[in-house]
Number of protein chains: 2
Amino acid sequence: MKTIIKNVKIITMDNNMTEYENSFVSIEGENISFIGHMKDFKEESNCNIVDGNNGILMPGMINTHTHLSMIPFRSLGDDCKDRLRRYLFPLENECMNEKLAYFSAKYAICEMLLSGVTTIMDMYYFEDEVAKASEEMGIRAFLGETIVNFPSCDSKEAFGGLDYAIKFIEKWKNHNLITPFIAPHAPNTNNTKSLIEANQISKKYNVPISMHLSEMDYEIKYFKEKYNKTPIEYLESIGLLSDRLVAAHCIYLTDNDIKLLEKYNVKVAHCIGSNTKSAKGVAPVNKMLNNNISVGLGTDGASSGNTLDIITQFKLFANFHKLENKDRSIFPAKEIVKLGTILGAKVLNKDKEIGSIEVGKKADLVIIETESVNMFPVFDPYSAIVYSANASNVNTVFVNGKCLVKNKKLVNNNLEAIKNDLKSNMRQFEEKAKKQLEKAIL
Amino acid sequence: MKTIIKNVKIITMDNNMTEYENSFVSIEGENISFIGHMKDFKEESNCNIVDGNNGILMPGMINTHTHLSMIPFRSLGDDCKDRLRRYLFPLENECMNEKLAYFSAKYAICEMLLSGVTTIMDMYYFEDEVAKASEEMGIRAFLGETIVNFPSCDSKEAFGGLDYAIKFIEKWKNHNLITPFIAPHAPNTNNTKSLIEANQISKKYNVPISMHLSEMDYEIKYFKEKYNKTPIEYLESIGLLSDRLVAAHCIYLTDNDIKLLEKYNVKVAHCIGSNTKSAKGVAPVNKMLNNNISVGLGTDGASSGNTLDIITQFKLFANFHKLENKDRSIFPAKEIVKLGTILGAKVLNKDKEIGSIEVGKKADLVIIETESVNMFPVFDPYSAIVYSANASNVNTVFVNGKCLVKNKKLVNNNLEAIKNDLKSNMRQFEEKAKKQLEKAIL
């Protein structure tokens with residue numbers, strides 16, 4: 001059945017940044033089939049009508065770096081200096097299991113959908129569980145199994161993720177909405193052999209490879225001391241740089257690093273919230289964009305960035321990059337919305353299918369309501385989204401032509417039930433976490 | 001009638017940072033009369049019960065710097081370099097009038113209340129209208145009439161605000177919830193005479209004096225060139241520094257400025273969102289606090305900071321100050337919540353009455369619900385408020401013992417009706433604003 005979203009202001013985010021006042025969009029099957037003005041709108045029989053109530057219709061937002069299954073870690077030891085080693089690694093190794101990964105992912109996808117995120121790039125463990133959760137929820141998902149140089153929650157042996165990844169990619173590679181990929185954790189938590197092997201798998205199956213890169217000061221130090229190279233120079237030396245690589249963070253970049261990222265068409269997932277909360281730094285996004293590098297936005301996991309919505313990242317992005325560049329006019333709101341939509345699609349090499357509202361593209365669509373108190377007046381829809389909105393202003397969400405959120409509620413799923421499932425699978429985690437908290441002297 | 005808020009986790013923000021798990025609070029008249037654990041809770045007849053559903057009960061948040069009536073400017077020319085002179089001043093002078101100031105203030109107070117702000121410090125024009133709006137809405141309000149060295153929307157002559165302020169203070173000085181004060185716009189938009197006169201009025205009536213201070217690079221330059229002083233040194237030289245002064249912004253501070261602020265017990269309203277969006281800088285809050293200066297948080301006006309809720313400021317504060325200090329453990333969430341509650345009360349010299357949940361204090365209370373998707377899990381209530389929450393998680397708000405927001409809706413007011421009144425009084429403003437936008441080459 002055809003669906004029509006009517007009474008919306010459309011920001012298409014297409015090449016010409018076309019906008020339509022007081023308009024409607026038709027959806028047939030998975031795709032956008034028509035865009036028109038309300039004056040030309042005619043009621044049709046056998047057609048599902050969604051009234052946008054003069055809200056803003058925008059492309060679904062794209063979250064290019066996250067860890068869905070890390071929901072249980074939210075609000076745990078946020079301000080602790082050594083939280084990675086004190087909370088994350090021990091709890092992950094002791095308490096993360098298939099079920100917890102599955103129910104956490106399901107819960108995280110609820111949060112993504114309710115906040116207008118329609119496509120995610122996730123990397124974690126038990127990605128087969130994450131894929132099941134994604135499939136059930138109907139989100140568009142790029143899912144990468146993690147490779148790391150120590151035994152992990154889903155592998156008794158170091159680098160066990162390599163075998164897992166092959167099976168995982170084989171299983172999911174022809175799925176309509178799910179793109180499996182391979183995810184070495186970081187260059188310093190792998191070795192040359194495992195990185196090369198991961199890259200071969202990525203090449204063989206023509207799937208993305210993603211990793212944390214140039215994120216940690218000790219990572220930079222390690223490669224400087226061992227190879228007199230930056231992590232990115234090291235990756236070039238072993239053949240890892242390619243247009244399949246999505247590098248998350250990229251905070252500490254030299255000019256030569258930026259040249260290399262451009263030369264090999266490496267994509268970057270920028271996580272401003274996570275990077276600044278952890279006091280690491282602000283990645284040089286302006287320089288990267290000026291050097292034709294594709295940059296998208298990422299929330300990181302709920303353990304690092306706490307919220308999984310892109311709208312929060314918009315606001316943080318604006319304020320941090322304006323201040324960083326000492327220029328209030330740099331990155332106007334319009335450019336920031338691009339990062340969360342069409343540029344995010346470019347990072348995933350999917351900009352021909354998603355990231356903008358154009359006839360023939362997939363119907364990944366979000367209505368931002370402008371009725372709530374924080375949304376008046378709207379002189380500029382991009383400003384309203386970046387500076388005025390928060391995740392709760394997302395009213396309606398379509399993924400691949402299907403309405404998954406309506407009137408701020410999940411259409412096919414019960415959030416309360418999903419939360420209860422997560423809670424009952426989280427008991428062991430919770431007990432251990434509370435013990436860790438008691439031990440901690442923050 | 002007595003009111004009891006039950007089933008809440010209480011963060012009192014008292015001197016010992018006392019917390020109560022699974023507890024209740026009684027309100028009698030304007031005050032908090034009892035705090036207890038649910039195990040000791042007994043149903044009472046003739047008592048109004050509010051079920052907190054395991055949410056977090058916190059003191060009402062305090063917004064120490066805002067311009068309520070600037071709602072019409074929201075999302076207008078946000079990324080424009082010269083927006084003060086291109087949009088704000090001309091539109092203010094041509095279109096701001098009594099009615100627009102009144103309805104805008106009323107609308108802004110809706111936004112404040114719905115986001116858990118129970119006390120505001122406002123400075124603008126037509127403050128008598130703002131006072132009427134505040135009185136009708138029931139918010140606790142410190143309201144300052146602006147003095148400026150050019151004719152303004154509410155005065156045909158420069159410095160006309162001085163006469164207005166005297167009448168305004170006389171009229172409102174004995175009000176239960178409203179504290180009138182006087183507000184020279186900034187040192188560089190006044191002169192020595194007007195500043196001294198304003199200070200005399202503040203002293204005579206024993207009301208606060210507030211102004212923008214050390215906010216603009218050209219302000220710093222002006223005083224350096226004219227007096228070889230910083231703005232704060234200049235204010236000291238003319239006797240303006242005192243514990244009645246609330247200085248907004250204070251971005252560009254020398255070590256000597258900080259010494260002076262401490263010496264005279266000057267209070268500071270820190271507006272991190274506004275200061276960073278405009279690419280100005282991050283005020284040295286850590287230094288100020290280490291020098292015993294009282295600092296509160298402010299949203300600034302909807303023209304500068306876009307949203308009027310303190311929760312957004314919490315998140316921005318955390319990330320900016322952690323990065324600024326290169327330390328993820330500085331300003332743990334608990335300390336940040338202090339800035340928006342008890343420290344804000346100190347800025348207003350009202351910490352004996354508001355800012356924490358203690359028996360005998362005014363019942364300015366907020367329930368943050370933890371049911372929404374972004375609020376699970378809660379290992380730390382302060383982390384949940386600072387890093388996970390947004391304004392939409394505010395469920396219930398009491399001011400001075402009265403329930404003004406319940407289930408995320410205004411209790412005594414209709415937001416839609418207030419918005420419609422504002423809209424119909426905003427037509428001229430809107431037309432002019434759109435013309436300005438058309439002229440602008442952003």
# chains A, B, ... in the order shown; residues from 1 in each chain; ligands from 1
>>> select_by_dssp(residues="range 96-195 of chain A", states="helix (DSSP H, G or I)", output="number ranges by chain")
A: 98-114, 127-137, 161-172, 187-189, 192-195
>>> closest_atom_pairs(of="chain A", to="chain B", cutoff="7 Å", atoms="only C-alpha atoms", output="CSV")
residue,atom,partner,partner_atom,distance
A:Pro72,CA,B:Pro377,CA,6.4
A:Arg74,CA,B:Pro377,CA,6.0
A:Ser75,CA,B:Ser383,CA,5.4
A:Leu76,CA,B:Phe379,CA,5.5
A:Asp78,CA,B:Ser383,CA,7.0
A:Asp79,CA,B:Ser329,CA,4.6
A:Cys80,CA,B:Ser329,CA,5.5
A:Lys81,CA,B:Ser329,CA,5.6
A:Glu111,CA,B:Val373,CA,5.7
A:Thr276,CA,B:Asn319,CA,5.2
A:Lys277,CA,B:Asn319,CA,4.5
A:Ser278,CA,B:Arg328,CA,4.9
A:Ala279,CA,B:Leu323,CA,4.0
A:Lys280,CA,B:Leu323,CA,6.6
A:Gly281,CA,B:Leu323,CA,6.5
A:Asn306,CA,B:Ser388,CA,5.5
A:Thr307,CA,B:Ser388,CA,5.7
A:Ala318,CA,B:Lys277,CA,6.7
A:Asn319,CA,B:Lys277,CA,4.5
A:Phe320,CA,B:Thr276,CA,7.0
A:Lys322,CA,B:Ala279,CA,5.2
A:Leu323,CA,B:Ala279,CA,4.0
A:Lys326,CA,B:Ala279,CA,5.1
A:Asp327,CA,B:Ala279,CA,5.5
A:Arg328,CA,B:Ser278,CA,4.9
A:Ser329,CA,B:Asp79,CA,4.6
A:Pro332,CA,B:Asp79,CA,5.4
A:Val373,CA,B:Glu111,CA,5.7
A:Asn374,CA,B:Thr307,CA,6.3
A:Pro377,CA,B:Arg74,CA,6.0
A:Val378,CA,B:Ser75,CA,5.9
A:Phe379,CA,B:Ser75,CA,5.5
A:Asp380,CA,B:Ser75,CA,5.8
A:Ser383,CA,B:Ser75,CA,5.4
A:Ala384,CA,B:Ser75,CA,5.9
A:Tyr387,CA,B:Asn306,CA,5.9
A:Ser388,CA,B:Asn306,CA,5.5
A:Ser392,CA,B:Ser392,CA,6.4
>>> select_by_dssp(residues="range 173-361 of chain B", states="strand (DSSP E or B)", output="list in words")
Ile178, Thr179, Pro180, Phe181, Ile182, Ala183, Pro184, Ile209, Ser210, Met211, His212, Leu213, Leu245, Val246, Ala247, Ala248, His249, Lys267, Val268, Ala269, His270, Val295, Gly296 and Leu297 of chain B
>>> atom_distance(atom1="CA of Ala131 in chain A", atom2="CA of Leu410 in chain A")
19.1 Å
>>> residues_around(residues="Gly144 in chain A", least_positions_apart="3", cutoff="9 Å", atoms="only C-alpha atoms", output="PyMOL selection string")
chain A and resi 121-125+127+165+168-169+179-184+208-210
>>> write_last_selection(atoms="C-alpha atoms", output="compact mmCIF listing (two decimals), in the first residue's frame")
# COMPACT_ATOMS: atom_id res chain seq x y z
CA MET A 121 27.36 1.35 11.94
CA ASP A 122 27.97 -0.84 14.98
CA MET A 123 31.05 -2.71 16.13
CA TYR A 124 31.13 -5.03 19.11
CA TYR A 125 31.09 -8.69 20.12
CA GLU A 127 27.47 -9.43 16.28
CA ALA A 165 33.69 -12.53 11.36
CA PHE A 168 29.11 -13.78 10.32
CA ILE A 169 29.79 -12.16 6.96
CA THR A 179 25.63 -5.21 5.87
CA PRO A 180 28.11 -7.31 7.83
CA PHE A 181 31.68 -6.06 8.09
CA ILE A 182 34.88 -6.69 10.01
CA ALA A 183 36.15 -4.55 12.87
CA PRO A 184 39.66 -4.77 14.26
CA PRO A 208 33.69 -2.41 5.06
CA ILE A 209 36.43 -2.60 7.65
CA SER A 210 36.16 -0.25 10.60
>>> atom_distance(atom1="CA of Ser152 in chain B", atom2="CA of Asn93 in chain B")
6.0 Å
>>> residues_around(residues="range 52-67 of chain A", least_positions_apart="3", cutoff="6 Å", atoms="only C-alpha atoms", output="PyMOL selection string")
chain A and resi 6-11+70+116-124+269+297-301+340-341+344+355-357+364-370
>>> closest_residue(among="A:Thr192, A:Val347, A:Asp421, A:Cys403", to="Ile49 in chain A", atoms="only C-alpha atoms")
A:Cys403
>>> atom_distance(atom1="CA of Glu21 in chain A", atom2="CA of Cys95 in chain B")
25.9 Å
>>> closest_residue(among="B:Asn292, B:Thr146, B:Asn265, B:Asn420", to="Tyr164 in chain B", atoms="only C-alpha atoms")
B:Thr146
>>> residues_around(residues="Phe126 in chain A", least_positions_apart="3", cutoff="12 Å", atoms="only C-alpha atoms", output="VMD selection string")
chain A and resid 67 to 70 92 96 to 105 122 to 123 129 to 133 143 to 147 152 to 155 160 to 161 164 to 165 167 to 168
>>> closest_residue(among="B:Ile27, B:Leu253, B:Leu162, B:Met38", to="Lys229 in chain B", atoms="only C-alpha atoms")
B:Leu253
>>> residues_around(residues="Lys362 in chain B", least_positions_apart="4", cutoff="8 Å", atoms="only C-alpha atoms", output="PyMOL selection string")
chain B and resi 30-32+353-354+399-401
>>> write_last_selection(atoms="N, CA and C atoms", output="short mmCIF file (atom, residue, chain, number, x, y, z; two decimals), in the first residue's frame")
data_model
loop_
_atom_site.label_atom_id
_atom_site.label_comp_id
_atom_site.auth_asym_id
_atom_site.auth_seq_id
_atom_site.Cartn_x
_atom_site.Cartn_y
_atom_site.Cartn_z
N GLU B 30 4.21 26.62 51.45
CA GLU B 30 5.28 26.90 50.48
C GLU B 30 6.50 26.02 50.72
N ASN B 31 6.49 25.26 51.81
CA ASN B 31 7.75 24.66 52.27
C ASN B 31 7.79 23.14 52.26
N ILE B 32 9.00 22.65 52.28
CA ILE B 32 9.24 21.22 52.46
C ILE B 32 9.10 20.95 53.95
N GLU B 353 17.02 29.73 51.26
CA GLU B 353 15.62 29.43 50.95
C GLU B 353 15.44 28.38 49.87
N ILE B 354 16.32 28.41 48.86
CA ILE B 354 16.15 27.49 47.72
C ILE B 354 17.48 26.83 47.35
N VAL B 399 6.88 24.86 42.24
CA VAL B 399 7.52 26.11 42.63
C VAL B 399 6.80 26.66 43.85
N ASN B 400 7.57 26.90 44.89
CA ASN B 400 7.01 27.49 46.12
C ASN B 400 5.80 26.70 46.64
N GLY B 401 5.92 25.37 46.51
CA GLY B 401 4.87 24.51 47.03
C GLY B 401 3.73 24.22 46.07
#
>>> residues_around(residues="Leu339 in chain B", least_positions_apart="2", cutoff="9 Å", atoms="only C-alpha atoms", output="NGL selection string")
:B and (62 or 294-297 or 314 or 335-337 or 341-345)
